[in-house]
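**Student:** The structure's right below; bear with me while I get my questions together.
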Amino acid sequence: MENRNKIITTLNSKRIEIEGENAFMPLANYLRGNECLTGTKVVCAEGDCGACTVLLARDIGPDGKLNFKAVNSCIIPLYLIDGAQVVTVEGLKKSDTELHPVQNAMVDCHGAQCGYCTPGFICSMAALTEDAKTENVAITEKKAKNYLTGNLCRCTGYKPIIEAAMSIDLSKTELLKDRFHNPQWLSEMKKIKSTPLLMTFNQKTIYLPVNLEDALIAKNKNPDLRLIAGSTDLGVVINKGKLSTPKAMALYHIEELKKITHDDLEMTVGATATFSEFEYYVEKLNPELKKILHIFASPQIKNQGTLVGNVVNASPIADTIPFLMAQDAKVVLKSINGERTVLMSDFYTGYKTLNILPDEIVVALKIPHSKKEENLKLFKVSIRKDLDISAVTFAGVMEVELGKIKKANFALGGIAATVVRMKSIEAGIVGASFTRKTFEDIAMNIPNLISPLSDVRASKEYRLKLAQNFFLKFYDEVSKENNL
Ligand SMILES: Cc1cc2nc3c(=O)[nH]c(=O)nc-3n(C[C@H](O)[C@H](O)[C@H](O)COP(=O)(O)OP(=O)(O)OC[C@H]3O[C@@H](n4cnc5c(N)ncnc54)[C@H](O)[C@@H]3O)c2cc1C
Ligand code: FES
Ligand code: FES
């Protein structure tokens with residue numbers, strides 16, 4: 001199949017083609033520098049403040065319309081918007097004399113002072129109205145705060161902004177997916193996604209294959225081809241100048257890798273499924289996991305970042321790894337030589353080093369369901385509840401039968417170079433009585449088992465105390481819920 005050598009995308013209502021070096025620049029820089037769409041601001045350039053928020057529709061929903069989500073344009077390279085549609089704060093107004101209801105609400109409720117954060121808030125609120133209207137639910141204070149977790153304001157104060165969000169009259173709001181519905185563009189989008197893209201400029205390369213076979217061949221021929229999923233980790237590292245733009249391959253045009261499915265035994269999460277899609281999927285399937293995903297990052301990051309990216313990024317404080325380890329999840333790796341699966345607890349060989357061969361790609365994660373008789377508990381402690389990096393994380397899976405511990409799986413994050421499965425604790429308590437004393441003994445022994453570091457986020461002593469307390473909290477919650 002012949003490759004394309006230019007990105008084709010739509011910006012507000014304008015179809016654009018991007019060639020050459022521009023393909024590798026962050027979307028925010030392109031909007032401001034090349035399209036004069038300076039409403040989009042850049043403050044932190046690392047996904048934290050939300051000033052650069054825009055709406056991005058990569059997929060067509062079941063209703064045949066575009067599915068707009070808020071994302072941080074400062075960390076998204078342009079090659080991740082091929083075949084997608086972007087709407088910026090400028091594109092929200094209906095005409096030069098008619099603002100979007102969100103924009104009116106911000107004016108009426110005095111939601112801006114210096115105005116620097118305002119376009120980002122407006123785009124996040126537009127995403128909120130899009131979802132609330134589609135789901136036919138009211139915008140409550142809680143819902144507004146959840147959607148605005150990823151936007152920081154340093155001068156207005158949040159009260160008028162939240163009031164603005166709650167004052168939006170959904171009956172007068174036209175959905176963006178209706179306003180920007182363009183059957184001609186939708187059919188072109190499908191064509192774009194079925195033609196591979198290959199662009200090179202000096203040392204930079206981006207390849208967007210449209211089937212897995214081509215992706216595996218490319219990785220075999222060029223083992224240094226770096227996989228890029230949502231760019232919420234890589235984009236930050238590149239913006240900070242700690243990594244030059246790598247030769248990259250992104251898999252989001254490969255339909256089979258987007259899927260999340262489950263059968264009686266396990267859930268399979270494809271390599272490019274986003275956190276938002278995963279969180280939605282597990283809402284009923286695994287409420288404990290949903291609780292942790294709810295406080296993971298911000299909506300913008302979850303709309304872009306992937307579970308597989310979190311696993312391969314291999315941070316010792318990644319929020320999902322303790323759960324995946326304790327749940328005995330498996331990483332599914334593919335190369336042209338075939339497929340193999342690796343248990344999460346065998347996937348990390350040291351700080352950011354992995355059990356993965358140079359020609360392999362992670363295609364999915366397989367996560368066994370919790371059994372009815374098992375108790376799953378996931379804890380995260382960070383300085384702030386929302387949008388903050390963990391100090392220590394914990395996952396525990398336990399089965400108790402007739403007062404005795406039948407199965408115990410524990411994983412701790414933030415206490416070593418990798419997330420660690422606490423196998424010596426597990427081996428020591430299987431068969432023991434399920435009593436507080438058993439867990440107090442574990443807590444007492446923790447300083448002999450782990451030796452966390454002190455850093456800006458937490459001291460060694462604090463991390464030890466948290467790890468000890470997590471085991472007591474685990475006992476207290478499980479015993480209370482099960483009347484044990
Ligand atoms: C503001 C902000 C808040 C955050 N909050 C949290 C948080 O609360 N908790 C948390 O755990 N993390 C958090 N993160 C980190 C980040 O969002 C996650 O780690 C996310 O899951 C990364 O996914 P991604 O798709 O963006 O990965 P990318 O940045 O695209 O890639 C990450 C790594 O995975 C590799 N990779 C991607 N796909 C594949 C594949 N198919 N095969 C092999 N390798 C692959 C890449 O080469 C790279 O090394 C935050 C980040 C930001 C910027
Ligand atoms: S500029 Fe702060 S999130 Fe993008
Ligand atoms: S209005 Fe000034 S930062 Fe929000």
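Here's how to read the names in the structure tokens: chain A, B, ... by the order shown, residue numbers from 1 in each chain, ligand numbers from 1 in the order shown.
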As a ChimeraX atom specification, please: every residue in segment 37-262 of chain A that a backbone DSSP assignment puts in helix (DSSP H, G or I).
**Tutor:** /A:73-75,78-81,89-92,101-108,118-135,141-147,158-167,170-172,176-179,183-192,212-221,234-239,255-258
**Student:** If the limit is 6 Å from any atom of ligand 2, counting only C-alpha atoms and all ligand atoms, which residues qualify? Return them as an MDAnalysis selection string.
**Tutor:** chainID A and resid 42:52 72 74
**Student:** Restricted to N, CA, C and O atoms, what would the selected residues look like written as a tab-separated table (two decimals), in the first residue's frame?
**Tutor:**
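Output contents, as saved in result.tsv:
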```tsv
chain	number	residue	atom	x	y	z
A	42	VAL	N	-0.21	28.81	26.06
A	42	VAL	CA	0.74	27.83	26.59
A	42	VAL	C	1.35	28.42	27.86
A	42	VAL	O	1.93	29.50	27.82
A	43	VAL	N	1.19	27.72	28.97
A	43	VAL	CA	1.76	28.19	30.23
A	43	VAL	C	2.80	27.19	30.72
A	43	VAL	O	3.99	27.44	30.72
A	44	CYS	N	2.35	25.98	31.08
A	44	CYS	CA	3.30	25.02	31.67
A	44	CYS	C	3.99	24.16	30.61
A	44	CYS	O	5.08	23.68	30.83
A	45	ALA	N	3.34	23.93	29.48
A	45	ALA	CA	3.84	23.05	28.41
A	45	ALA	C	4.09	21.63	28.90
A	45	ALA	O	4.87	20.90	28.32
A	46	GLU	N	3.42	21.24	29.99
A	46	GLU	CA	3.57	19.85	30.42
A	46	GLU	C	2.26	19.21	30.88
A	46	GLU	O	2.24	18.31	31.70
A	47	GLY	N	1.16	19.70	30.35
A	47	GLY	CA	-0.11	19.01	30.58
A	47	GLY	C	-0.76	19.28	31.92
A	47	GLY	O	-1.77	18.66	32.26
A	48	ASP	N	-0.21	20.24	32.69
A	48	ASP	CA	-0.67	20.42	34.06
A	48	ASP	C	-1.72	21.50	34.26
A	48	ASP	O	-2.52	21.41	35.17
A	49	CYS	N	-1.69	22.57	33.43
A	49	CYS	CA	-2.49	23.75	33.79
A	49	CYS	C	-3.76	23.89	32.96
A	49	CYS	O	-4.68	24.61	33.36
A	50	GLY	N	-3.82	23.29	31.80
A	50	GLY	CA	-5.05	23.31	30.99
A	50	GLY	C	-5.23	24.55	30.13
A	50	GLY	O	-6.23	24.68	29.43
A	51	ALA	N	-4.26	25.52	30.15
A	51	ALA	CA	-4.43	26.75	29.37
A	51	ALA	C	-4.49	26.45	27.87
A	51	ALA	O	-5.06	27.22	27.10
A	52	CYS	N	-3.92	25.33	27.46
A	52	CYS	CA	-3.84	24.99	26.03
A	52	CYS	C	-4.98	24.05	25.59
A	52	CYS	O	-4.91	23.47	24.51
A	72	ASN	N	-4.97	18.40	26.05
A	72	ASN	CA	-3.94	19.43	26.22
A	72	ASN	C	-3.11	19.52	24.94
A	72	ASN	O	-2.31	18.63	24.64
A	74	CYS	N	-0.60	21.26	24.21
A	74	CYS	CA	0.85	21.54	24.33
A	74	CYS	C	1.70	20.28	24.24
A	74	CYS	O	2.89	20.37	23.95
```
**Student:** Can you work out which residues are within 6 Å of ligand 1, considering only C-alpha atoms and all ligand atoms, and then hand them over as a PyMOL selection string?
**Tutor:** chain A and resi 46-48+226-234+271+296-297+301+305-310+312-313+318-319+361-363+387-389
**Student:** So which residues are near ligand 3, meaning at most 8 Å away with only C-alpha atoms and all ligand atoms counted, given back as a list in words?
**Tutor:** Gly111, Ala112, Gln113, Cys114, Gly115, Tyr116, Cys117, Thr118, Leu152, Cys153, Arg154, Cys155, Thr156 and Gly157 of chain A
**Student:** Write the residues of the selection above to a file with C-alpha atoms, as a PDB file, in the first residue's frame.
**Tutor:**
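As a result, out_9.pdb now contains:
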```pdb
ATOM      1  CA  GLY A 111     -15.477  34.050  35.253  1.00  0.00           C
ATOM      2  CA  ALA A 112     -12.301  35.820  34.099  1.00  0.00           C
ATOM      3  CA  GLN A 113      -9.869  38.438  35.353  1.00  0.00           C
ATOM      4  CA  CYS A 114      -6.523  38.369  33.521  1.00  0.00           C
ATOM      5  CA  GLY A 115      -8.134  35.928  31.075  1.00  0.00           C
ATOM      6  CA  TYR A 116      -5.063  33.806  30.497  1.00  0.00           C
ATOM      7  CA  CYS A 117      -6.659  30.590  31.692  1.00  0.00           C
ATOM      8  CA  THR A 118     -10.092  31.442  30.256  1.00  0.00           C
ATOM      9  CA  LEU A 152      -5.843  26.104  36.813  1.00  0.00           C
ATOM     10  CA  CYS A 153      -6.810  29.719  37.448  1.00  0.00           C
ATOM     11  CA  ARG A 154      -4.466  31.904  39.437  1.00  0.00           C
ATOM     12  CA  CYS A 155      -6.505  35.087  39.798  1.00  0.00           C
ATOM     13  CA  THR A 156     -10.291  34.815  39.373  1.00  0.00           C
ATOM     14  CA  GLY A 157     -10.943  32.093  41.918  1.00  0.00           C
TER      15      GLY A 157
END
```
**Student:** Using only C-alpha atoms, which of the listed residues (A:Ala215, A:Val269, A:Ala28, A:Leu324) sits closest to Ser345 of chain A?
**Tutor:**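 Smallest separation from Ser345 of chain A among the options: A:Leu324.
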**Student:** Could you pull the residues within 12 Å of Asn483 of chain A, counting only C-alpha atoms, minus those fewer than 6 positions along the same chain, as a short mmCIF file (atom, residue, chain, number, x, y, z; two decimals) with all heavy atoms, in the first residue's frame?
**Tutor:**
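Result saved to result_20.cif:
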```cif
data_model
loop_
_atom_site.label_atom_id
_atom_site.label_comp_id
_atom_site.auth_asym_id
_atom_site.auth_seq_id
_atom_site.Cartn_x
_atom_site.Cartn_y
_atom_site.Cartn_z
N VAL A 400 -10.62 -14.76 51.91
CA VAL A 400 -10.63 -15.31 53.27
C VAL A 400 -11.68 -16.42 53.31
O VAL A 400 -12.79 -16.25 52.82
CB VAL A 400 -11.00 -14.21 54.30
CG1 VAL A 400 -11.01 -14.77 55.72
CG2 VAL A 400 -10.06 -13.03 54.20
N GLY A 403 -12.31 -17.79 58.20
CA GLY A 403 -11.43 -17.04 59.09
C GLY A 403 -9.95 -17.13 58.75
O GLY A 403 -9.11 -16.51 59.42
N PHE A 434 -7.25 -14.38 59.68
CA PHE A 434 -7.54 -13.02 59.21
C PHE A 434 -7.91 -12.17 60.43
O PHE A 434 -9.08 -12.05 60.81
CB PHE A 434 -8.68 -13.04 58.18
CG PHE A 434 -9.00 -11.67 57.66
CD1 PHE A 434 -8.15 -11.02 56.79
CD2 PHE A 434 -10.17 -11.02 58.04
CE1 PHE A 434 -8.44 -9.74 56.31
CE2 PHE A 434 -10.47 -9.74 57.57
CZ PHE A 434 -9.59 -9.11 56.71
N THR A 435 -6.88 -11.65 61.10
CA THR A 435 -7.10 -10.83 62.29
C THR A 435 -6.27 -9.56 62.16
O THR A 435 -5.32 -9.50 61.36
CB THR A 435 -6.61 -11.55 63.56
OG1 THR A 435 -5.22 -11.83 63.40
CG2 THR A 435 -7.37 -12.84 63.83
N TYR A 475 -6.86 -4.16 56.11
CA TYR A 475 -7.55 -5.06 57.05
C TYR A 475 -8.86 -4.42 57.53
O TYR A 475 -9.92 -5.05 57.50
CB TYR A 475 -6.67 -5.42 58.26
CG TYR A 475 -7.49 -6.14 59.30
CD1 TYR A 475 -7.77 -7.50 59.17
CD2 TYR A 475 -8.06 -5.45 60.38
CE1 TYR A 475 -8.59 -8.16 60.08
CE2 TYR A 475 -8.87 -6.09 61.28
CZ TYR A 475 -9.14 -7.44 61.13
OH TYR A 475 -9.97 -8.08 62.02
N ASP A 476 -8.76 -3.16 57.97
CA ASP A 476 -9.95 -2.50 58.55
C ASP A 476 -11.10 -2.47 57.54
O ASP A 476 -12.24 -2.77 57.88
CB ASP A 476 -9.60 -1.07 59.00
CG ASP A 476 -8.69 -1.08 60.23
OD1 ASP A 476 -8.58 -2.14 60.88
OD2 ASP A 476 -8.07 -0.04 60.52
N GLU A 477 -10.80 -2.13 56.30
CA GLU A 477 -11.88 -2.02 55.31
C GLU A 477 -12.44 -3.39 54.94
O GLU A 477 -13.65 -3.57 54.87
CB GLU A 477 -11.37 -1.30 54.04
CG GLU A 477 -11.12 0.16 54.31
CD GLU A 477 -10.94 1.01 53.06
OE1 GLU A 477 -11.14 0.50 51.94
OE2 GLU A 477 -10.57 2.18 53.21
#
```
**Student:** Could you tell me how far atom CA of Lys404 of chain A lies from atom CA of Thr320 of chain A, in Å and to one decimal?
**Tutor:** 28.4 Å
**Student:** List the spatial neighbours of Ser171 of chain A as a list in words - criterion: any atom at most 12 Å away, only C-alpha atoms, same-chain residues fewer than 5 positions off excluded.
**Tutor:**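 Everything that qualifies: Pro101, Thr129, Glu130, Ala132, Lys133, Thr134, Asn136, Val137 and Ala138 of chain A.
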**Student:** Write down as a list in words the residues belonging to segment 70-190 of chain A that are assigned strand (DSSP E or B) by DSSP computed on the backbone.
**Tutor:** Ala70, Val71, Asn72, Pro77, Gln85, Val86, Val87, Ser95 and Glu98 of chain A
**Student:** Quote the spacing between atom CA of Leu80 of chain A and atom CA of Glu277 of chain A in Å to one decimal place.
**Tutor:**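 Rounded to one decimal, the two atoms are 17.5 Å apart.
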**Student:** Which residues come within 9 Å of Ser13 of chain A, counting only C-alpha atoms, excluding same-chain residues fewer than 5 positions away, as an NGL selection string?
**Tutor:** :A and (85-87 or 91 or 180)
**Student:** Select, from A:Gly270, A:Pro119, A:Pro196, A:Pro316, the residue with the minimum atom-to-atom distance to His253 of chain A, counting only C-alpha atoms.
**Tutor:**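 When distances to His253 of chain A are compared using only C-alpha atoms, the smallest one comes from A:Pro196.
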**Student:** With only C-alpha atoms as the counted atoms, please give the residues lying no more than 8 Å from Pro26 of chain A, apart from itself and same-chain residues fewer than 6 positions off, as a PyMOL selection string.
**Tutor:** chain A and resi 73-78
**Student:** Determine the nearest neighbour of Lys465 of chain A from the options A:Lys480, A:Val381, A:Val430, A:Glu17, counting only C-alpha atoms.
**Tutor:** A:Val381
**Student:** So how far away is atom CA of Ala364 of chain A from atom CA of Val332 of chain A, in Å?
**Tutor:** 5.2 Å
**Student:** What's around Asn286 of chain A at 12 Å? Count only C-alpha atoms, leave out sequence neighbours fewer than 4 positions away in its own chain, and write the answer as a CSV table (one decimal) with all heavy atoms, in the first residue's frame.
**Tutor:**
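Output contents, as saved in out_8.csv:
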```csv
chain,number,residue,atom,x,y,z
A,266,GLU,N,-11.6,-12.6,31.8
A,266,GLU,CA,-10.7,-11.4,31.8
A,266,GLU,C,-11.1,-10.3,30.9
A,266,GLU,O,-12.0,-10.5,29.9
A,266,GLU,CB,-9.2,-11.9,31.4
A,266,GLU,CG,-9.2,-12.5,30.0
A,266,GLU,CD,-7.8,-13.1,29.7
A,266,GLU,OE1,-7.0,-13.3,30.6
A,266,GLU,OE2,-7.6,-13.5,28.5
A,267,MET,N,-10.5,-9.2,31.1
A,267,MET,CA,-10.8,-8.0,30.2
A,267,MET,C,-9.5,-7.8,29.3
A,267,MET,O,-8.4,-8.0,29.8
A,267,MET,CB,-10.9,-6.8,31.1
A,267,MET,CG,-11.2,-5.5,30.4
A,267,MET,SD,-11.8,-4.2,31.6
A,267,MET,CE,-10.9,-4.5,33.1
A,278,PHE,N,-11.3,3.4,29.1
A,278,PHE,CA,-11.1,2.4,30.1
A,278,PHE,C,-11.9,2.7,31.4
A,278,PHE,O,-12.6,1.8,31.9
A,278,PHE,CB,-9.6,2.3,30.4
A,278,PHE,CG,-9.2,1.2,31.4
A,278,PHE,CD1,-9.5,-0.1,31.2
A,278,PHE,CD2,-8.4,1.5,32.5
A,278,PHE,CE1,-9.2,-1.1,32.0
A,278,PHE,CE2,-8.0,0.5,33.4
A,278,PHE,CZ,-8.4,-0.8,33.2
A,279,GLU,N,-11.9,3.9,31.8
A,279,GLU,CA,-12.6,4.3,33.0
A,279,GLU,C,-14.1,4.0,32.8
A,279,GLU,O,-14.8,3.5,33.7
A,279,GLU,CB,-12.4,5.8,33.4
A,279,GLU,CG,-13.0,6.2,34.7
A,279,GLU,CD,-12.7,7.6,35.0
A,279,GLU,OE1,-11.9,8.3,34.3
A,279,GLU,OE2,-13.2,8.1,36.0
A,280,TYR,N,-14.6,4.4,31.7
A,280,TYR,CA,-16.0,4.2,31.3
A,280,TYR,C,-16.4,2.7,31.3
A,280,TYR,O,-17.4,2.3,31.9
A,280,TYR,CB,-16.3,4.9,30.0
A,280,TYR,CG,-17.7,4.7,29.5
A,280,TYR,CD1,-18.7,5.5,30.1
A,280,TYR,CD2,-18.1,3.8,28.5
A,280,TYR,CE1,-20.0,5.4,29.7
A,280,TYR,CE2,-19.4,3.6,28.1
A,280,TYR,CZ,-20.4,4.5,28.7
A,280,TYR,OH,-21.7,4.3,28.3
A,281,TYR,N,-15.4,1.9,30.7
A,281,TYR,CA,-15.7,0.5,30.6
A,281,TYR,C,-15.8,-0.2,31.9
A,281,TYR,O,-16.6,-1.1,32.1
A,281,TYR,CB,-14.6,-0.1,29.7
A,281,TYR,CG,-14.9,-1.5,29.1
A,281,TYR,CD1,-15.6,-1.5,27.9
A,281,TYR,CD2,-14.6,-2.6,29.8
A,281,TYR,CE1,-15.9,-2.7,27.3
A,281,TYR,CE2,-15.0,-3.9,29.2
A,281,TYR,CZ,-15.6,-3.9,28.0
A,281,TYR,OH,-16.0,-5.1,27.4
A,282,VAL,N,-14.9,0.2,32.9
A,282,VAL,CA,-14.8,-0.5,34.2
A,282,VAL,C,-15.8,0.0,35.2
A,282,VAL,O,-15.9,-0.6,36.3
A,282,VAL,CB,-13.4,-0.6,34.8
A,282,VAL,CG1,-12.4,-1.2,33.8
A,282,VAL,CG2,-12.9,0.8,35.2
A,290,LYS,N,-12.4,1.8,39.3
A,290,LYS,CA,-13.0,3.1,38.8
A,290,LYS,C,-12.6,4.2,39.8
A,290,LYS,O,-12.4,5.4,39.4
A,290,LYS,CB,-14.5,2.9,38.7
A,290,LYS,CG,-15.4,4.1,38.7
A,290,LYS,CD,-15.4,4.9,37.4
A,290,LYS,CE,-16.1,6.2,37.7
A,290,LYS,NZ,-16.0,7.1,36.6
A,291,LYS,N,-12.6,3.9,41.1
A,291,LYS,CA,-12.3,5.0,42.1
A,291,LYS,C,-10.9,5.5,41.9
A,291,LYS,O,-10.7,6.7,42.0
A,291,LYS,CB,-12.4,4.4,43.6
A,291,LYS,CG,-13.8,4.4,44.1
A,291,LYS,CD,-13.8,4.3,45.7
A,291,LYS,CE,-13.2,3.1,46.2
A,291,LYS,NZ,-13.3,2.6,47.5
A,292,ILE,N,-10.0,4.7,41.6
A,292,ILE,CA,-8.6,5.1,41.4
A,292,ILE,C,-8.5,5.9,40.1
A,292,ILE,O,-7.8,6.9,40.0
A,292,ILE,CB,-7.6,3.9,41.5
A,292,ILE,CG1,-7.3,3.5,42.9
A,292,ILE,CG2,-6.3,4.2,40.7
A,292,ILE,CD1,-6.5,4.5,43.7
A,293,LEU,N,-9.2,5.4,39.1
A,293,LEU,CA,-9.1,6.1,37.8
A,293,LEU,C,-9.7,7.4,37.8
A,293,LEU,O,-9.4,8.4,37.1
A,293,LEU,CB,-9.8,5.2,36.7
A,293,LEU,CG,-9.1,3.9,36.4
A,293,LEU,CD1,-9.9,3.1,35.4
A,293,LEU,CD2,-7.6,4.0,35.9
A,323,PHE,N,-2.3,-2.2,40.8
A,323,PHE,CA,-3.5,-2.9,40.6
A,323,PHE,C,-3.2,-4.1,39.6
A,323,PHE,O,-3.6,-5.2,39.8
A,323,PHE,CB,-4.6,-2.0,40.0
A,323,PHE,CG,-5.7,-2.8,39.3
A,323,PHE,CD1,-6.6,-3.5,40.0
A,323,PHE,CD2,-5.8,-2.8,37.9
A,323,PHE,CE1,-7.6,-4.3,39.3
A,323,PHE,CE2,-6.7,-3.5,37.2
A,323,PHE,CZ,-7.7,-4.2,37.9
A,327,GLN,N,-3.4,-8.0,40.5
A,327,GLN,CA,-4.5,-8.8,39.8
A,327,GLN,C,-4.0,-9.8,38.9
A,327,GLN,O,-4.7,-10.5,38.2
A,327,GLN,CB,-5.3,-7.7,39.1
A,327,GLN,CG,-6.7,-8.1,38.7
A,327,GLN,CD,-7.6,-8.4,39.9
A,327,GLN,OE1,-7.4,-7.9,41.0
A,327,GLN,NE2,-8.7,-9.2,39.7
A,367,ILE,N,-6.5,-8.6,31.8
A,367,ILE,CA,-6.7,-8.3,33.2
A,367,ILE,C,-7.8,-9.3,33.7
A,367,ILE,O,-8.9,-9.1,33.4
A,367,ILE,CB,-7.1,-6.9,33.5
A,367,ILE,CG1,-6.2,-5.9,32.8
A,367,ILE,CG2,-7.2,-6.6,35.0
A,367,ILE,CD1,-6.7,-4.5,32.8
A,368,PRO,N,-7.4,-10.3,34.5
A,368,PRO,CA,-8.4,-11.2,35.1
A,368,PRO,C,-9.4,-10.5,35.9
A,368,PRO,O,-9.1,-9.5,36.6
A,368,PRO,CB,-7.6,-12.2,35.9
A,368,PRO,CG,-6.2,-12.0,35.6
A,368,PRO,CD,-6.0,-10.6,35.0
A,369,HIS,N,-10.7,-10.9,35.8
A,369,HIS,CA,-11.7,-10.3,36.7
A,369,HIS,C,-11.5,-10.7,38.1
A,369,HIS,O,-11.0,-11.8,38.4
A,369,HIS,CB,-13.1,-10.8,36.3
A,369,HIS,CG,-13.5,-10.5,34.9
A,369,HIS,ND1,-13.4,-9.2,34.4
A,369,HIS,CD2,-14.0,-11.3,33.9
A,369,HIS,CE1,-13.8,-9.2,33.1
A,369,HIS,NE2,-14.2,-10.5,32.8
A,370,SER,N,-11.9,-9.8,39.1
A,370,SER,CA,-11.9,-10.2,40.5
A,370,SER,C,-13.0,-11.2,40.7
A,370,SER,O,-14.0,-11.1,40.1
A,370,SER,CB,-12.2,-9.0,41.4
A,370,SER,OG,-11.3,-8.0,41.3
A,371,LYS,N,-12.6,-12.3,41.5
A,371,LYS,CA,-13.7,-13.3,41.7
A,371,LYS,C,-14.6,-12.8,42.8
A,371,LYS,O,-14.2,-11.9,43.6
A,371,LYS,CB,-13.0,-14.6,42.2
A,371,LYS,CG,-12.1,-15.2,41.1
A,371,LYS,CD,-11.9,-16.7,41.4
A,371,LYS,CE,-10.9,-17.2,40.5
A,371,LYS,NZ,-9.5,-17.0,40.8
A,372,LYS,N,-15.8,-13.3,42.9
A,372,LYS,CA,-16.8,-12.9,43.8
A,372,LYS,C,-16.3,-12.9,45.3
A,372,LYS,O,-16.5,-12.1,46.1
A,372,LYS,CB,-18.0,-13.8,43.7
A,372,LYS,CG,-19.3,-13.1,44.1
A,372,LYS,CD,-20.6,-13.8,43.6
A,372,LYS,CE,-20.7,-15.2,43.8
A,372,LYS,NZ,-20.6,-16.3,44.3
A,375,ASN,N,-11.5,-9.9,47.7
A,375,ASN,CA,-11.6,-8.4,48.1
A,375,ASN,C,-10.4,-7.7,47.4
A,375,ASN,O,-9.3,-8.1,47.6
A,375,ASN,CB,-11.4,-8.3,49.6
A,375,ASN,CG,-12.5,-9.0,50.3
A,375,ASN,OD1,-13.6,-8.5,50.4
A,375,ASN,ND2,-12.3,-10.2,50.8
A,376,LEU,N,-10.8,-6.6,46.7
A,376,LEU,CA,-9.7,-5.8,46.0
A,376,LEU,C,-9.8,-4.4,46.7
A,376,LEU,O,-10.8,-3.8,46.8
A,376,LEU,CB,-10.1,-5.7,44.5
A,376,LEU,CG,-9.3,-4.6,43.8
A,376,LEU,CD1,-7.8,-5.0,43.6
A,376,LEU,CD2,-9.9,-4.4,42.4
A,377,LYS,N,-8.6,-3.9,47.1
A,377,LYS,CA,-8.5,-2.6,47.6
A,377,LYS,C,-7.3,-1.9,46.9
A,377,LYS,O,-6.2,-2.4,46.8
A,377,LYS,CB,-8.3,-2.6,49.1
A,377,LYS,CG,-9.4,-3.1,49.9
A,377,LYS,CD,-10.5,-2.1,50.1
A,377,LYS,CE,-11.8,-2.6,50.4
A,377,LYS,NZ,-12.9,-1.8,50.1
A,378,LEU,N,-7.6,-0.6,46.5
A,378,LEU,CA,-6.5,0.2,45.9
A,378,LEU,C,-6.4,1.5,46.6
A,378,LEU,O,-7.5,2.2,46.8
A,378,LEU,CB,-6.9,0.4,44.4
A,378,LEU,CG,-7.2,-0.8,43.6
A,378,LEU,CD1,-7.7,-0.4,42.2
A,378,LEU,CD2,-6.0,-1.7,43.4
```
**Student:** Which is closest to Asn222 of chain A among A:Tyr207, A:Phe379, A:Tyr79, A:Tyr147, if we use only C-alpha atoms?
**Tutor:**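 Closest to Asn222 of chain A of all the choices is A:Tyr207.
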